[in-house]
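Enquirer: Quick one, structure-v2.tsv (TSV, C-alpha atoms):
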chain	number	residue	atom	x	y	z
D	26	MET	CA	-0.56	-20.68	-19.28
D	27	GLN	CA	0.70	-17.96	-21.57
D	28	THR	CA	-1.57	-14.93	-21.95
D	29	SER	CA	-1.06	-11.54	-23.54
D	30	ALA	CA	-0.51	-10.13	-20.03
D	31	GLY	CA	1.95	-12.77	-18.80
D	32	LEU	CA	2.02	-16.32	-17.49
D	33	LEU	CA	-1.20	-17.20	-15.63
D	34	THR	CA	-1.73	-19.98	-13.13
D	35	TYR	CA	-3.37	-20.72	-9.79
D	36	CYS	CA	-1.64	-21.50	-6.52
D	37	SER	CA	-1.72	-25.09	-5.35
D	38	ASN	CA	-2.14	-24.01	-1.73
D	39	ILE	CA	-5.80	-24.54	-2.57
D	40	HIS	CA	-5.07	-28.29	-2.43
D	41	THR	CA	-4.38	-30.32	0.69
D	42	GLY	CA	-1.17	-32.18	1.45
D	43	GLU	CA	1.66	-31.19	3.77
D	44	ASP	CA	3.88	-34.06	2.58
D	45	TRP	CA	4.79	-34.51	-1.08
D	46	GLN	CA	3.12	-37.90	-1.58
D	47	HIS	CA	-0.26	-36.50	-0.53
D	48	HIS	CA	0.07	-33.20	-2.38
D	49	PHE	CA	1.36	-34.83	-5.56
D	50	ALA	CA	-1.54	-37.29	-5.54
D	51	VAL	CA	-4.00	-34.38	-5.44
D	52	LEU	CA	-2.17	-32.56	-8.24
D	53	GLN	CA	-2.14	-35.69	-10.40
D	54	LYS	CA	-5.91	-35.93	-10.01
D	55	SER	CA	-6.85	-32.25	-10.41
D	56	ILE	CA	-4.35	-30.66	-12.80
D	57	PRO	CA	-5.27	-32.72	-15.91
D	58	VAL	CA	-8.97	-31.98	-15.35
D	59	ILE	CA	-8.33	-28.26	-14.99
D	60	LYS	CA	-5.88	-28.10	-17.90
D	61	GLN	CA	-8.33	-29.84	-20.23
D	62	GLN	CA	-10.84	-27.06	-19.61
D	63	VAL	CA	-8.61	-23.97	-19.60
D	64	SER	CA	-5.56	-24.88	-21.72
D	65	PRO	CA	-6.24	-28.09	-23.66
D	66	GLN	CA	-3.77	-27.48	-26.48
D	67	ASN	CA	-1.06	-25.38	-24.85
D	68	ALA	CA	1.31	-25.92	-21.94
D	69	PHE	CA	-0.19	-25.25	-18.51
D	70	GLY	CA	1.79	-23.47	-15.81
D	71	ILE	CA	1.46	-24.45	-12.15
D	72	GLY	CA	1.94	-22.25	-9.08
D	73	LEU	CA	3.37	-24.83	-6.69
D	74	ARG	CA	2.96	-24.55	-2.94
D	75	LEU	CA	5.19	-26.84	-0.93
D	76	ALA	CA	4.94	-27.16	2.83
D	77	ASN	CA	8.23	-27.73	4.62
D	78	GLN	CA	7.83	-31.52	4.72
D	79	ALA	CA	6.88	-31.60	1.04
D	80	SER	CA	9.98	-29.57	0.19
D	81	ILE	CA	12.13	-32.09	2.07
D	82	ASP	CA	10.44	-34.98	0.28
D	83	LEU	CA	10.78	-33.36	-3.15
D	84	SER	CA	14.48	-32.70	-2.57
D	85	GLU	CA	14.99	-36.44	-2.97
D	86	LYS	CA	16.11	-37.21	-6.53
D	87	GLU	CA	13.59	-40.01	-7.05
D	88	ASN	CA	10.64	-37.78	-6.16
D	89	LEU	CA	11.96	-34.87	-8.20
D	90	ASP	CA	12.53	-37.07	-11.25
D	91	LYS	CA	8.96	-38.37	-10.99
D	92	LEU	CA	7.64	-34.81	-10.89
D	93	LYS	CA	9.71	-33.83	-13.93
D	94	THR	CA	8.42	-36.83	-15.86
D	95	TRP	CA	4.82	-36.12	-14.90
D	96	LEU	CA	5.14	-32.46	-15.91
D	97	THR	CA	6.52	-33.45	-19.31
D	98	GLN	CA	3.88	-36.11	-19.91
D	99	ASN	CA	1.06	-33.69	-19.05
D	100	ASN	CA	2.49	-30.66	-20.90
D	101	CYS	CA	2.77	-28.72	-17.64
D	102	TYR	CA	5.50	-26.69	-15.99
D	103	VAL	CA	6.22	-24.76	-12.79
D	104	PHE	CA	7.28	-21.12	-12.95
D	105	THR	CA	6.30	-19.75	-9.53
D	106	MET	CA	6.02	-21.16	-6.03
D	107	ASN	CA	4.44	-20.17	-2.74
D	108	GLY	CA	6.85	-20.30	0.18
D	109	PHE	CA	4.75	-18.34	2.67
D	110	PRO	CA	2.93	-21.06	4.70
D	111	TYR	CA	5.62	-23.35	6.13
D	112	GLY	CA	3.47	-25.89	7.92
D	113	GLY	CA	-0.13	-27.02	8.19
D	114	PHE	CA	-2.54	-24.98	6.08
D	115	HIS	CA	-5.69	-27.09	5.75
D	116	ASN	CA	-8.08	-28.59	8.29
D	117	THR	CA	-6.22	-26.94	11.15
D	118	VAL	CA	-6.09	-23.67	13.06
D	119	VAL	CA	-3.57	-21.52	11.20
D	120	LYS	CA	-4.19	-17.91	12.32
D	121	ASP	CA	-0.93	-16.04	13.07
D	122	GLN	CA	1.09	-19.27	12.79
D	123	VAL	CA	1.00	-18.83	9.02
D	124	HIS	CA	4.11	-16.68	9.64
D	125	ALA	CA	5.89	-19.37	11.70
D	126	PRO	CA	8.75	-20.02	11.59
D	127	ASP	CA	9.42	-16.44	10.55
D	128	TRP	CA	12.44	-14.84	8.91
D	129	THR	CA	14.22	-14.45	12.25
D	130	THR	CA	14.77	-18.23	12.23
D	131	GLN	CA	17.16	-20.55	10.44
D	132	ASP	CA	14.27	-22.90	9.69
D	133	ARG	CA	12.75	-20.28	7.37
D	134	VAL	CA	16.11	-19.76	5.67
D	135	ALA	CA	16.70	-23.48	5.10
D	136	TYR	CA	13.14	-24.02	3.82
D	137	THR	CA	13.38	-21.15	1.36
D	138	ILE	CA	16.77	-22.21	0.00
D	139	ARG	CA	15.44	-25.75	-0.42
D	140	MET	CA	12.47	-24.37	-2.37
D	141	PHE	CA	14.71	-22.34	-4.66
D	142	ARG	CA	16.93	-25.32	-5.39
D	143	ILE	CA	13.83	-27.28	-6.41
D	144	LEU	CA	12.60	-24.41	-8.58
D	145	ALA	CA	16.00	-24.14	-10.27
D	146	GLU	CA	15.72	-27.83	-11.17
D	147	ILE	CA	12.20	-27.74	-12.60
D	148	LEU	CA	11.98	-24.29	-14.17
D	149	PRO	CA	11.81	-24.85	-17.95
D	150	ASP	CA	14.93	-23.95	-19.92
D	151	ASP	CA	12.96	-21.56	-22.11
D	152	LEU	CA	11.91	-19.44	-19.12
D	153	SER	CA	14.43	-16.88	-17.92
D	154	GLU	CA	12.96	-16.28	-14.46
D	155	GLY	CA	10.99	-17.80	-11.63
D	156	GLY	CA	9.87	-16.60	-8.22
D	157	ILE	CA	8.84	-17.69	-4.75
D	158	SER	CA	6.55	-15.59	-2.55
D	159	THR	CA	7.22	-15.38	1.17
D	160	SER	CA	6.15	-13.90	4.50
D	161	PRO	CA	6.62	-10.16	5.16
D	162	LEU	CA	9.42	-10.94	7.67
D	163	SER	CA	7.24	-11.82	10.68
D	164	TYR	CA	3.96	-11.24	12.50
D	165	ARG	CA	3.93	-7.77	14.01
D	166	PHE	CA	2.26	-8.62	17.31
D	167	TRP	CA	4.86	-11.20	18.29
D	168	TRP	CA	7.20	-8.29	19.08
D	169	LYS	CA	6.21	-6.38	22.21
D	170	THR	CA	8.20	-3.16	21.88
D	171	SER	CA	9.40	-0.98	19.02
D	172	LYS	CA	12.96	-2.04	19.88
D	173	ASP	CA	11.99	-5.72	19.62
D	174	LEU	CA	10.33	-5.03	16.27
D	175	GLN	CA	13.39	-3.21	14.97
D	176	GLU	CA	15.74	-5.99	16.07
D	177	ALA	CA	13.47	-8.62	14.48
D	178	THR	CA	13.46	-6.64	11.23
D	179	LEU	CA	17.25	-6.45	11.16
D	180	LEU	CA	17.71	-10.14	11.93
D	181	ALA	CA	15.08	-11.15	9.37
D	182	THR	CA	16.77	-9.04	6.71
D	183	GLN	CA	20.20	-10.47	7.49
D	184	ASN	CA	18.77	-13.98	7.17
D	185	MET	CA	17.18	-13.05	3.86
D	186	LEU	CA	20.62	-12.04	2.57
D	187	VAL	CA	21.76	-15.64	3.06
D	188	VAL	CA	19.06	-16.65	0.59
D	189	LEU	CA	20.16	-13.83	-1.70
D	190	ASP	CA	23.64	-15.36	-1.81
D	191	GLU	CA	22.07	-18.62	-2.94
D	192	LEU	CA	20.12	-16.87	-5.70
D	193	VAL	CA	23.23	-15.12	-6.98
D	194	ALA	CA	25.02	-18.50	-7.06
D	195	ILE	CA	22.12	-20.15	-8.90
D	196	LYS	CA	22.17	-17.41	-11.52
D	197	LYS	CA	25.90	-17.86	-12.05
D	198	THR	CA	25.73	-21.63	-12.40
D	199	THR	CA	22.43	-22.06	-14.29
D	200	GLY	CA	21.68	-18.68	-15.87
D	201	LYS	CA	18.25	-18.75	-14.22
D	202	SER	CA	17.12	-15.54	-12.54
D	203	LEU	CA	15.13	-16.48	-9.44
D	204	HIS	CA	13.58	-13.90	-7.14
D	205	LEU	CA	12.22	-13.89	-3.60
D	206	ASP	CA	8.89	-12.08	-3.65
D	207	ILE	CA	8.02	-10.40	-0.35
D	208	GLU	CA	4.27	-10.41	0.29
D	209	PRO	CA	3.05	-7.52	2.49
D	210	GLU	CA	0.00	-8.43	4.54
D	211	PRO	CA	-2.01	-6.69	7.27
D	212	ASP	CA	-0.27	-7.17	10.63
D	213	GLY	CA	2.91	-8.49	9.07
D	214	ILE	CA	6.02	-6.47	9.91
D	215	LEU	CA	5.62	-5.18	6.36
D	216	GLU	CA	1.91	-4.43	6.03
D	217	ASN	CA	1.63	-2.35	2.88
D	218	SER	CA	3.62	-0.71	0.09
D	219	PRO	CA	4.89	2.30	2.13
D	220	GLU	CA	6.30	-0.05	4.77
D	221	PHE	CA	7.76	-2.36	2.13
D	222	ILE	CA	9.41	0.53	0.30
D	223	THR	CA	10.80	2.04	3.53
D	224	TRP	CA	12.23	-1.34	4.52
D	225	TYR	CA	13.68	-1.91	1.05
D	226	GLN	CA	15.42	1.48	0.92
D	227	GLU	CA	16.40	1.98	4.56
D	228	VAL	CA	17.13	-1.57	5.73
D	229	LEU	CA	17.54	-4.04	2.87
D	230	LEU	CA	19.72	-1.92	0.58
D	231	PRO	CA	22.15	-0.66	3.28
D	232	LEU	CA	22.51	-4.11	4.85
D	233	GLY	CA	22.80	-5.74	1.44
D	234	ILE	CA	25.48	-3.32	0.24
D	235	GLN	CA	27.43	-3.90	3.45
D	236	HIS	CA	26.95	-7.68	3.13
D	237	PHE	CA	28.41	-7.75	-0.39
D	238	ALA	CA	31.17	-5.27	0.47
D	239	GLN	CA	32.51	-7.86	2.90
D	240	LYS	CA	32.83	-10.18	-0.11
D	241	GLY	CA	34.71	-7.54	-2.12
D	242	ILE	CA	31.69	-6.65	-4.28
D	243	ASP	CA	31.14	-2.98	-5.06
D	244	GLU	CA	27.96	-1.05	-4.38
D	245	ALA	CA	26.74	-0.95	-7.97
D	246	LEU	CA	26.89	-4.72	-8.39
D	247	ALA	CA	25.43	-5.27	-4.93
D	248	LYS	CA	22.41	-3.16	-5.88
D	249	THR	CA	22.05	-5.09	-9.11
D	250	TYR	CA	21.87	-8.35	-7.16
D	251	ILE	CA	19.35	-6.96	-4.65
D	252	TYR	CA	17.00	-5.43	-7.22
D	253	GLU	CA	17.07	-8.56	-9.36
D	254	HIS	CA	16.58	-11.16	-6.66
D	255	ILE	CA	14.42	-9.51	-3.98
D	256	GLN	CA	11.11	-8.26	-5.31
D	257	LEU	CA	7.50	-7.58	-4.30
D	258	CYS	CA	4.59	-9.99	-4.41
D	259	TYR	CA	1.55	-7.83	-5.17
D	260	ASP	CA	-1.30	-9.67	-3.44
D	261	VAL	CA	-4.37	-7.77	-4.65
D	262	CYS	CA	-6.50	-8.75	-1.65
D	263	HIS	CA	-3.90	-7.52	0.84
D	264	PHE	CA	-3.37	-4.19	-0.92
D	265	ALA	CA	-7.13	-3.69	-1.22
D	266	VAL	CA	-7.62	-4.32	2.50
D	267	SER	CA	-5.08	-1.52	3.08
D	268	TYR	CA	-7.07	0.79	0.74
D	269	GLU	CA	-4.10	1.24	-1.60
D	270	GLU	CA	-4.59	2.46	-5.15
D	271	PRO	CA	-2.88	0.09	-7.62
D	272	ALA	CA	-1.76	2.82	-10.04
D	273	GLU	CA	-0.06	4.79	-7.27
D	274	VAL	CA	1.74	1.71	-5.93
D	275	ILE	CA	3.03	0.60	-9.34
D	276	GLN	CA	4.13	4.11	-10.27
D	277	LYS	CA	6.08	4.50	-7.02
D	278	LEU	CA	7.79	1.12	-7.40
D	279	GLU	CA	8.72	1.95	-10.99
D	280	GLU	CA	10.22	5.28	-9.96
D	281	LEU	CA	12.38	3.50	-7.37
D	282	GLY	CA	13.39	0.61	-9.61
D	283	ILE	CA	11.82	-2.00	-7.32
D	284	LYS	CA	10.43	-4.93	-9.29
D	285	VAL	CA	7.20	-6.87	-8.86
D	286	GLY	CA	7.88	-10.61	-8.96
D	287	LYS	CA	4.26	-11.61	-9.37
D	288	ILE	CA	0.69	-10.52	-8.92
D	289	GLN	CA	-1.34	-12.77	-6.66
D	290	ILE	CA	-4.86	-12.34	-7.98
D	291	SER	CA	-7.19	-12.37	-5.00
D	292	SER	CA	-10.29	-10.60	-3.75
D	293	ALA	CA	-11.27	-9.43	-0.25
D	294	LEU	CA	-14.66	-9.00	1.37
D	295	LYS	CA	-16.02	-5.46	1.57
D	296	VAL	CA	-18.81	-4.11	3.75
D	297	ASP	CA	-20.49	-0.78	2.95
D	298	PHE	CA	-22.27	0.41	6.08
D	299	SER	CA	-24.14	3.29	4.41
D	300	ASP	CA	-27.35	1.28	4.75
D	301	ASN	CA	-28.64	-1.78	6.63
D	302	PRO	CA	-25.71	-1.84	9.08
D	303	THR	CA	-27.29	-4.33	11.48
D	304	GLU	CA	-28.11	-6.80	8.73
D	305	LYS	CA	-24.65	-6.40	7.19
D	306	LEU	CA	-22.95	-7.08	10.51
D	307	ALA	CA	-24.95	-10.28	10.76
D	308	ALA	CA	-23.93	-11.16	7.21
D	309	ILE	CA	-20.21	-10.61	7.75
D	310	ALA	CA	-20.33	-12.52	11.05
D	311	ARG	CA	-20.88	-15.71	8.97
D	312	TYR	CA	-17.25	-15.37	7.83
D	313	ASP	CA	-15.80	-15.33	11.34
D	314	GLU	CA	-14.27	-18.81	11.16
D	315	PRO	CA	-11.49	-20.35	13.28
D	316	SER	CA	-8.86	-21.40	10.71
D	317	TYR	CA	-7.34	-18.25	9.20
D	318	LEU	CA	-6.67	-14.68	10.24
D	319	HIS	CA	-9.24	-12.30	8.79
D	320	GLN	CA	-7.77	-8.90	9.55
D	321	VAL	CA	-10.11	-5.92	9.18
D	322	VAL	CA	-9.21	-2.37	8.19
D	323	ALA	CA	-12.21	-0.21	9.04
D	324	ARG	CA	-12.90	3.25	7.65
D	325	LYS	CA	-14.89	5.70	9.74
D	326	ALA	CA	-17.13	8.43	8.36
D	327	ASP	CA	-14.35	11.00	8.89
D	328	ASN	CA	-12.02	8.87	6.71
D	329	THR	CA	-9.83	7.79	9.60
D	330	PHE	CA	-8.93	4.11	9.83
D	331	VAL	CA	-8.93	1.51	12.60
D	332	LYS	CA	-7.29	-1.91	12.27
D	333	TYR	CA	-8.41	-5.13	13.93
D	334	PRO	CA	-6.23	-8.28	14.03
D	335	ASP	CA	-9.20	-10.56	13.33
D	336	LEU	CA	-12.83	-10.35	12.32
D	337	GLY	CA	-14.16	-11.31	15.75
D	338	GLU	CA	-12.52	-8.27	17.32
D	339	ALA	CA	-13.99	-5.98	14.69
D	340	LEU	CA	-17.44	-7.44	15.32
D	341	LEU	CA	-17.10	-6.67	19.03
D	342	ALA	CA	-15.98	-3.11	18.29
D	343	ALA	CA	-19.01	-2.61	16.03
D	344	LEU	CA	-21.25	-2.87	19.08
D	345	SER	CA	-20.11	0.60	20.15
D	346	VAL	CA	-18.48	2.22	17.08
D	347	GLN	CA	-20.08	3.27	13.81
D	348	PHE	CA	-18.17	2.56	10.61
D	349	ALA	CA	-18.48	3.62	6.97
D	350	GLU	CA	-16.70	0.63	5.43
D	351	TRP	CA	-14.82	-2.53	6.27
D	352	ARG	CA	-12.34	-4.41	4.16
D	353	VAL	CA	-11.74	-7.92	5.41
D	354	HIS	CA	-8.80	-10.21	4.65
D	355	PHE	CA	-10.88	-13.14	3.48
D	356	HIS	CA	-9.97	-14.43	0.01
D	357	VAL	CA	-13.31	-14.87	-1.74
D	358	PRO	CA	-14.05	-16.32	-5.21
D	359	LEU	CA	-13.09	-14.01	-8.05
D	360	PHE	CA	-16.10	-14.78	-10.21
D	361	ILE	CA	-18.56	-13.51	-7.57
D	362	GLU	CA	-18.73	-9.79	-6.87
D	363	HIS	CA	-21.64	-9.66	-4.40
D	364	TYR	CA	-22.30	-11.93	-1.45
D	365	GLY	CA	-25.84	-11.04	-0.49
D	366	LEU	CA	-25.58	-7.74	1.37
D	367	LEU	CA	-21.80	-7.85	1.14
D	368	SER	CA	-19.52	-7.11	-1.78
D	369	SER	CA	-15.88	-7.71	-2.69
D	370	THR	CA	-12.81	-5.79	-3.83
D	371	ARG	CA	-12.88	-7.47	-7.24
D	372	GLN	CA	-12.69	-4.04	-8.85
D	373	GLU	CA	-9.11	-3.78	-7.55
D	374	ILE	CA	-8.21	-6.86	-9.60
D	375	GLU	CA	-9.64	-5.20	-12.69
D	376	LYS	CA	-7.58	-2.08	-11.96
D	377	ILE	CA	-4.26	-3.84	-11.51
D	378	LEU	CA	-4.75	-6.12	-14.52
D	379	ALA	CA	-5.68	-3.12	-16.68
D	380	ILE	CA	-2.31	-1.58	-15.74
D	381	GLN	CA	-0.55	-4.88	-16.43
D	382	LYS	CA	-2.19	-5.18	-19.85
D	383	LEU	CA	-1.28	-1.64	-20.84
D	384	LYS	CA	2.29	-1.71	-19.55
D	385	PRO	CA	3.37	-5.08	-18.10
D	386	PHE	CA	5.38	-4.74	-14.89
D	387	THR	CA	5.68	-8.46	-14.08
D	388	ALA	CA	5.73	-11.73	-16.02
D	389	GLN	CA	3.84	-13.84	-13.48
D	390	LEU	CA	0.15	-13.92	-12.52
D	391	GLU	CA	-1.11	-16.36	-9.89
D	392	ILE	CA	-4.70	-16.78	-8.71
D	393	GLU	CA	-4.76	-17.35	-4.96
D	394	THR	CA	-8.12	-18.23	-3.45
D	395	TYR	CA	-7.52	-20.79	-0.71
D	396	THR	CA	-10.59	-20.42	1.52
D	397	TRP	CA	-13.04	-22.68	-0.33
D	398	GLY	CA	-13.36	-25.05	2.62
D	399	VAL	CA	-14.29	-22.30	5.08
D	400	LEU	CA	-16.72	-20.31	2.94
D	401	PRO	CA	-20.39	-20.31	3.97
D	402	ALA	CA	-22.00	-23.45	2.57
D	403	ASP	CA	-24.06	-21.61	-0.06
D	404	TYR	CA	-20.86	-20.39	-1.77
D	405	GLN	CA	-19.05	-23.71	-1.82
D	406	ALA	CA	-18.78	-25.78	-5.00
D	407	PRO	CA	-16.64	-28.68	-6.28
D	408	LEU	CA	-13.03	-27.53	-6.08
D	409	ASP	CA	-11.84	-28.26	-9.62
D	410	GLU	CA	-14.95	-26.60	-11.02
D	411	SER	CA	-14.29	-23.52	-8.88
D	412	ILE	CA	-10.65	-23.28	-10.03
D	413	ILE	CA	-11.75	-23.54	-13.66
D	414	ARG	CA	-14.31	-20.76	-13.16
D	415	GLU	CA	-11.71	-18.51	-11.56
D	416	ILE	CA	-9.20	-19.00	-14.36
D	417	ALA	CA	-11.91	-18.41	-16.96
D	418	TRP	CA	-12.96	-15.18	-15.26
D	419	VAL	CA	-9.39	-13.84	-15.19
D	420	LYS	CA	-8.82	-14.81	-18.82
D	421	SER	CA	-12.01	-12.97	-19.75
D	422	ILE	CA	-10.60	-9.63	-18.56
D	423	LEU	CA	-7.05	-10.05	-19.85
Would you write out, as structure tokens, the structure that this file holds?

Expert:
Amino acid sequence: MQTSAGLLTYCSNIHTGEDWQHHFAVLQKSIPVIKQQVSPQNAFGIGLRLANQASIDLSEKENLDKLKTWLTQNNCYVFTMNGFPYGGFHNTVVKDQVHAPDWTTQDRVAYTIRMFRILAEILPDDLSEGGISTSPLSYRFWWKTSKDLQEATLLATQNMLVVLDELVAIKKTTGKSLHLDIEPEPDGILENSPEFITWYQEVLLPLGIQHFAQKGIDEALAKTYIYEHIQLCYDVCHFAVSYEEPAEVIQKLEELGIKVGKIQISSALKVDFSDNPTEKLAAIARYDEPSYLHQVVARKADNTFVKYPDLGEALLAALSVQFAEWRVHFHVPLFIEHYGLLSSTRQEIEKILAIQKLKPFTAQLEIETYTWGVLPADYQAPLDESIIREIAWVKSIL
């Protein structure tokens, strides 16, 4: 929905359905209920997540026409999509496979192009831009040596340029400016803003300029294409886990002319070990579940940092190492700040949205809490009710 700080929605990766028939059935049931509570009079925007099979299904004209009709009848529209998880995301073990297939593969390229073609079809005519978030190239630990990692980065970037060609073509034929929003995440090849910026300046731009030069396009126009169509997805949880300060990140991006395609509004778990460390370890252990990766960035008393690929490994390390603070990649409800002895990084959401309100740097805001089914039982609630509460909380601080 339209707010003073930009278009606000939630990501439909919260809902089940890897094929379109299943996912659409869930949307048809939930969206009208949610819209009635949060945007009864005005149009309601949807952040659409399509798994690969759903994207194939929705590429069929009959299915796409049905979606368009349903959107019109319900006064809804799609302006952003989530193209990060390719395959199964619910009721299965996801872990590092959330990155698979990664950007070194043609499957990722084909999936992303298919998603953009769908978005170009359903993006309302009165909106000038739309975006799709995606994996930060690959999962870091799949590449055994620094040479392997470098080669994977180059191949992933070259594949991304194929999608860039598609976005340039879409802009020329439809006038719609669509952008691929790279989402840094702990243990991705691009983990944080410094790594994203280094990649953008030292890999993406040189390769992109060379790529367009082969088509007879000069450097200035090549840069225009790159800056317009390849942007950053600012996932607040991920940046908080990396202990990044929102104001510093946004200022640096602005100085470099790198755009933010969307803010994914999300909150991470935080553990302050200044008191009751044993009890707090027991509390955080309740979140060590088997479906998703829950990377931990731990701060020691001397302000040095240690990273753990998953919560279980951090819990083992805590048997012999003392920590000052943990930040855990576990998307927790936005409307709760304290979880017993634990807390969250909700304050980081308030920081980034305060910047956005004062000087907007993106047009798209998407709530992304997808872990409702794996939360401890005492924090679970009916899904539609939870989505409504999250949207209401965000609206209250905009």

Enquirer: Once you count only C-alpha atoms, what closest atom pair and distance in Å to one decimal does each residue of range 152-253 of chain D within 12 Å of range 96-120 of chain D have, with rows by chain and rising residue number, as a Markdown table?

Expert:
| residue | atom | partner | partner_atom | distance |
| --- | --- | --- | --- | --- |
| D:Leu152 | CA | D:Phe104 | CA | 7.9 |
| D:Ser153 | CA | D:Phe104 | CA | 9.7 |
| D:Glu154 | CA | D:Phe104 | CA | 7.6 |
| D:Gly155 | CA | D:Phe104 | CA | 5.2 |
| D:Gly156 | CA | D:Thr105 | CA | 4.9 |
| D:Ile157 | CA | D:Met106 | CA | 4.7 |
| D:Ser158 | CA | D:Asn107 | CA | 5.0 |
| D:Thr159 | CA | D:Phe109 | CA | 4.1 |
| D:Ser160 | CA | D:Phe109 | CA | 5.0 |
| D:Pro161 | CA | D:Phe109 | CA | 8.8 |
| D:Leu162 | CA | D:Phe109 | CA | 10.1 |
| D:Ser163 | CA | D:Phe109 | CA | 10.6 |
| D:Tyr164 | CA | D:Lys120 | CA | 10.5 |
| D:Lys201 | CA | D:Phe104 | CA | 11.3 |
| D:Ser202 | CA | D:Phe104 | CA | 11.3 |
| D:Leu203 | CA | D:Thr105 | CA | 9.4 |
| D:His204 | CA | D:Thr105 | CA | 9.6 |
| D:Leu205 | CA | D:Gly108 | CA | 9.2 |
| D:Asp206 | CA | D:Asn107 | CA | 9.3 |
| D:Ile207 | CA | D:Phe109 | CA | 9.1 |
| D:Glu208 | CA | D:Phe109 | CA | 8.3 |
| D:Pro209 | CA | D:Phe109 | CA | 11.0 |
| D:Glu210 | CA | D:Phe109 | CA | 11.1 |
| D:Asp212 | CA | D:Lys120 | CA | 11.6 |
| D:Gly213 | CA | D:Phe109 | CA | 11.9 |

Enquirer: CA of Thr34 in chain D to CA of Val321 in chain D: how many Å, to one decimal?

Expert: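 Taking CA of Thr34 in chain D and CA of Val321 in chain D, their separation equals 27.7 Å.
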
Enquirer: Please produce, as a tab-separated table, a per-residue contact table for range 317-416 of chain D versus range 71-85 of chain D (criterion: any atom at most 12 Å away, all atoms listed in the file considered), showing the nearest atom pair and its distance in Å to one decimal, sorted by chain then residue number.

Expert:
residue	atom	partner	partner_atom	distance
D:Gln389	CA	D:Gly72	CA	9.7
D:Leu390	CA	D:Gly72	CA	9.2
D:Glu391	CA	D:Gly72	CA	6.7
D:Ile392	CA	D:Gly72	CA	8.6
D:Glu393	CA	D:Gly72	CA	9.3
D:Tyr395	CA	D:Arg74	CA	11.4

Enquirer: Contacts between range 347-364 of chain D and range 204-308 of chain D, please, where a residue of range 204-308 of chain D counts if it comes within 9 Å (with only C-alpha atoms); show its shortest atom pair and distance in Å to one decimal, rows by chain and ascending number, as CSV.

Expert:
residue,atom,partner,partner_atom,distance
D:Glu210,CA,D:His354,CA,9.0
D:Pro211,CA,D:His354,CA,8.1
D:Cys262,CA,D:His356,CA,6.9
D:His263,CA,D:His354,CA,6.8
D:Ala265,CA,D:Arg352,CA,7.5
D:Val266,CA,D:Arg352,CA,5.0
D:Ser267,CA,D:Arg352,CA,7.9
D:Tyr268,CA,D:Arg352,CA,8.2
D:Ile290,CA,D:Leu359,CA,8.4
D:Ser291,CA,D:His356,CA,6.1
D:Ser292,CA,D:His356,CA,5.4
D:Ala293,CA,D:His356,CA,5.2
D:Leu294,CA,D:Val353,CA,5.1
D:Lys295,CA,D:Arg352,CA,4.6
D:Val296,CA,D:Trp351,CA,5.0
D:Asp297,CA,D:Glu350,CA,4.7
D:Phe298,CA,D:Ala349,CA,5.0
D:Ser299,CA,D:Ala349,CA,6.2
D:Pro302,CA,D:Phe348,CA,8.9
D:Ala308,CA,D:Tyr364,CA,8.8

Enquirer: Pick out the closest residue to Pro315 in chain D from this set: D:Thr249, D:Thr41, D:Ser345, D:Thr396. Count only C-alpha atoms.

Expert: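 Going through D:Thr249, D:Thr41, D:Ser345, D:Thr396 one by one, the smallest distance to Pro315 in chain D is for D:Thr396.
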
Enquirer: Enter the distance from CA of Asp313 in chain D to CA of Ala339 in chain D, in Å, rounded to one decimal.

Expert: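 Distance reported for this atom pair: 10.1 Å.
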
Enquirer: Need to verify the contact set: range 237-247 of chain D, 12 Å, only C-alpha atoms, exclusion of same-chain residues closer than 3 positions in sequence. Can you return it as an MDAnalysis selection string?

Expert: chainID D and resid 183 186:187 189:190 193 229:234 250:255

Enquirer: From the set D:Gly365, D:Gly70, D:Pro385, D:Gly337, which residue has the shortest atom-to-atom contact distance to Ile288 in chain D, counting all atoms listed in the file?

Expert: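 Of D:Gly365, D:Gly70, D:Pro385, D:Gly337, the one nearest Ile288 in chain D, counting all atoms listed in the file, is D:Pro385.
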
Enquirer: For the atom pair CA of Leu336 in chain D and CA of Glu314 in chain D, what is the interatomic distance in Å to one decimal place?

Expert: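 Those two atoms sit 8.7 Å apart.
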
Enquirer: With distances taken over all atoms listed in the file, which of D:Arg311, D:Lys382, D:Arg165, D:Lys376 is nearest to Leu215 in chain D?

Expert: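 Of all the options, D:Arg165 lies closest to Leu215 in chain D.
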
Enquirer: Identify which of the residues D:Glu176, D:Val285, D:Asn184, D:Gly200 lies closest to Asp151 in chain D, counting all atoms listed in the file when measuring atom-to-atom distances.

Expert: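 Smallest distance to Asp151 in chain D is found for D:Gly200.
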
Enquirer: Just give me the residues with any atom within 10 Å of (16.9, -13.3, 9.3), file coordinates, counting only C-alpha atoms, written as a ChimeraX atom specification.

Expert: /D:127-134,162-163,177-188

Enquirer: With distances taken over only C-alpha atoms, which of D:Leu174, D:Val419, D:Leu278, D:Met140 is nearest to Tyr225 in chain D?

Expert: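 Closest to Tyr225 in chain D, using only C-alpha atoms: D:Leu278.
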
Enquirer: Of the residues D:Asp403, D:Glu270, D:Glu304, D:Glu146, which is the one nearest to Glu373 in chain D, using only C-alpha atoms?

Expert: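 Of D:Asp403, D:Glu270, D:Glu304, D:Glu146, the one nearest Glu373 in chain D, counting only C-alpha atoms, is D:Glu270.
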
Enquirer: Excluding Pro65 in chain D and its own-chain neighbours fewer than 2 positions away, which residues fall within 12 Å of it when counting all atoms listed in the file? Please give them as a list of chain:residue names.

Expert: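 The residues satisfying every condition are D:Met26, D:Ile56, D:Pro57, D:Val58, D:Ile59, D:Lys60, D:Gln61, D:Gln62, D:Val63, D:Asn67, D:Ala68, D:Phe69, D:Asn99, D:Asn100, D:Cys101.
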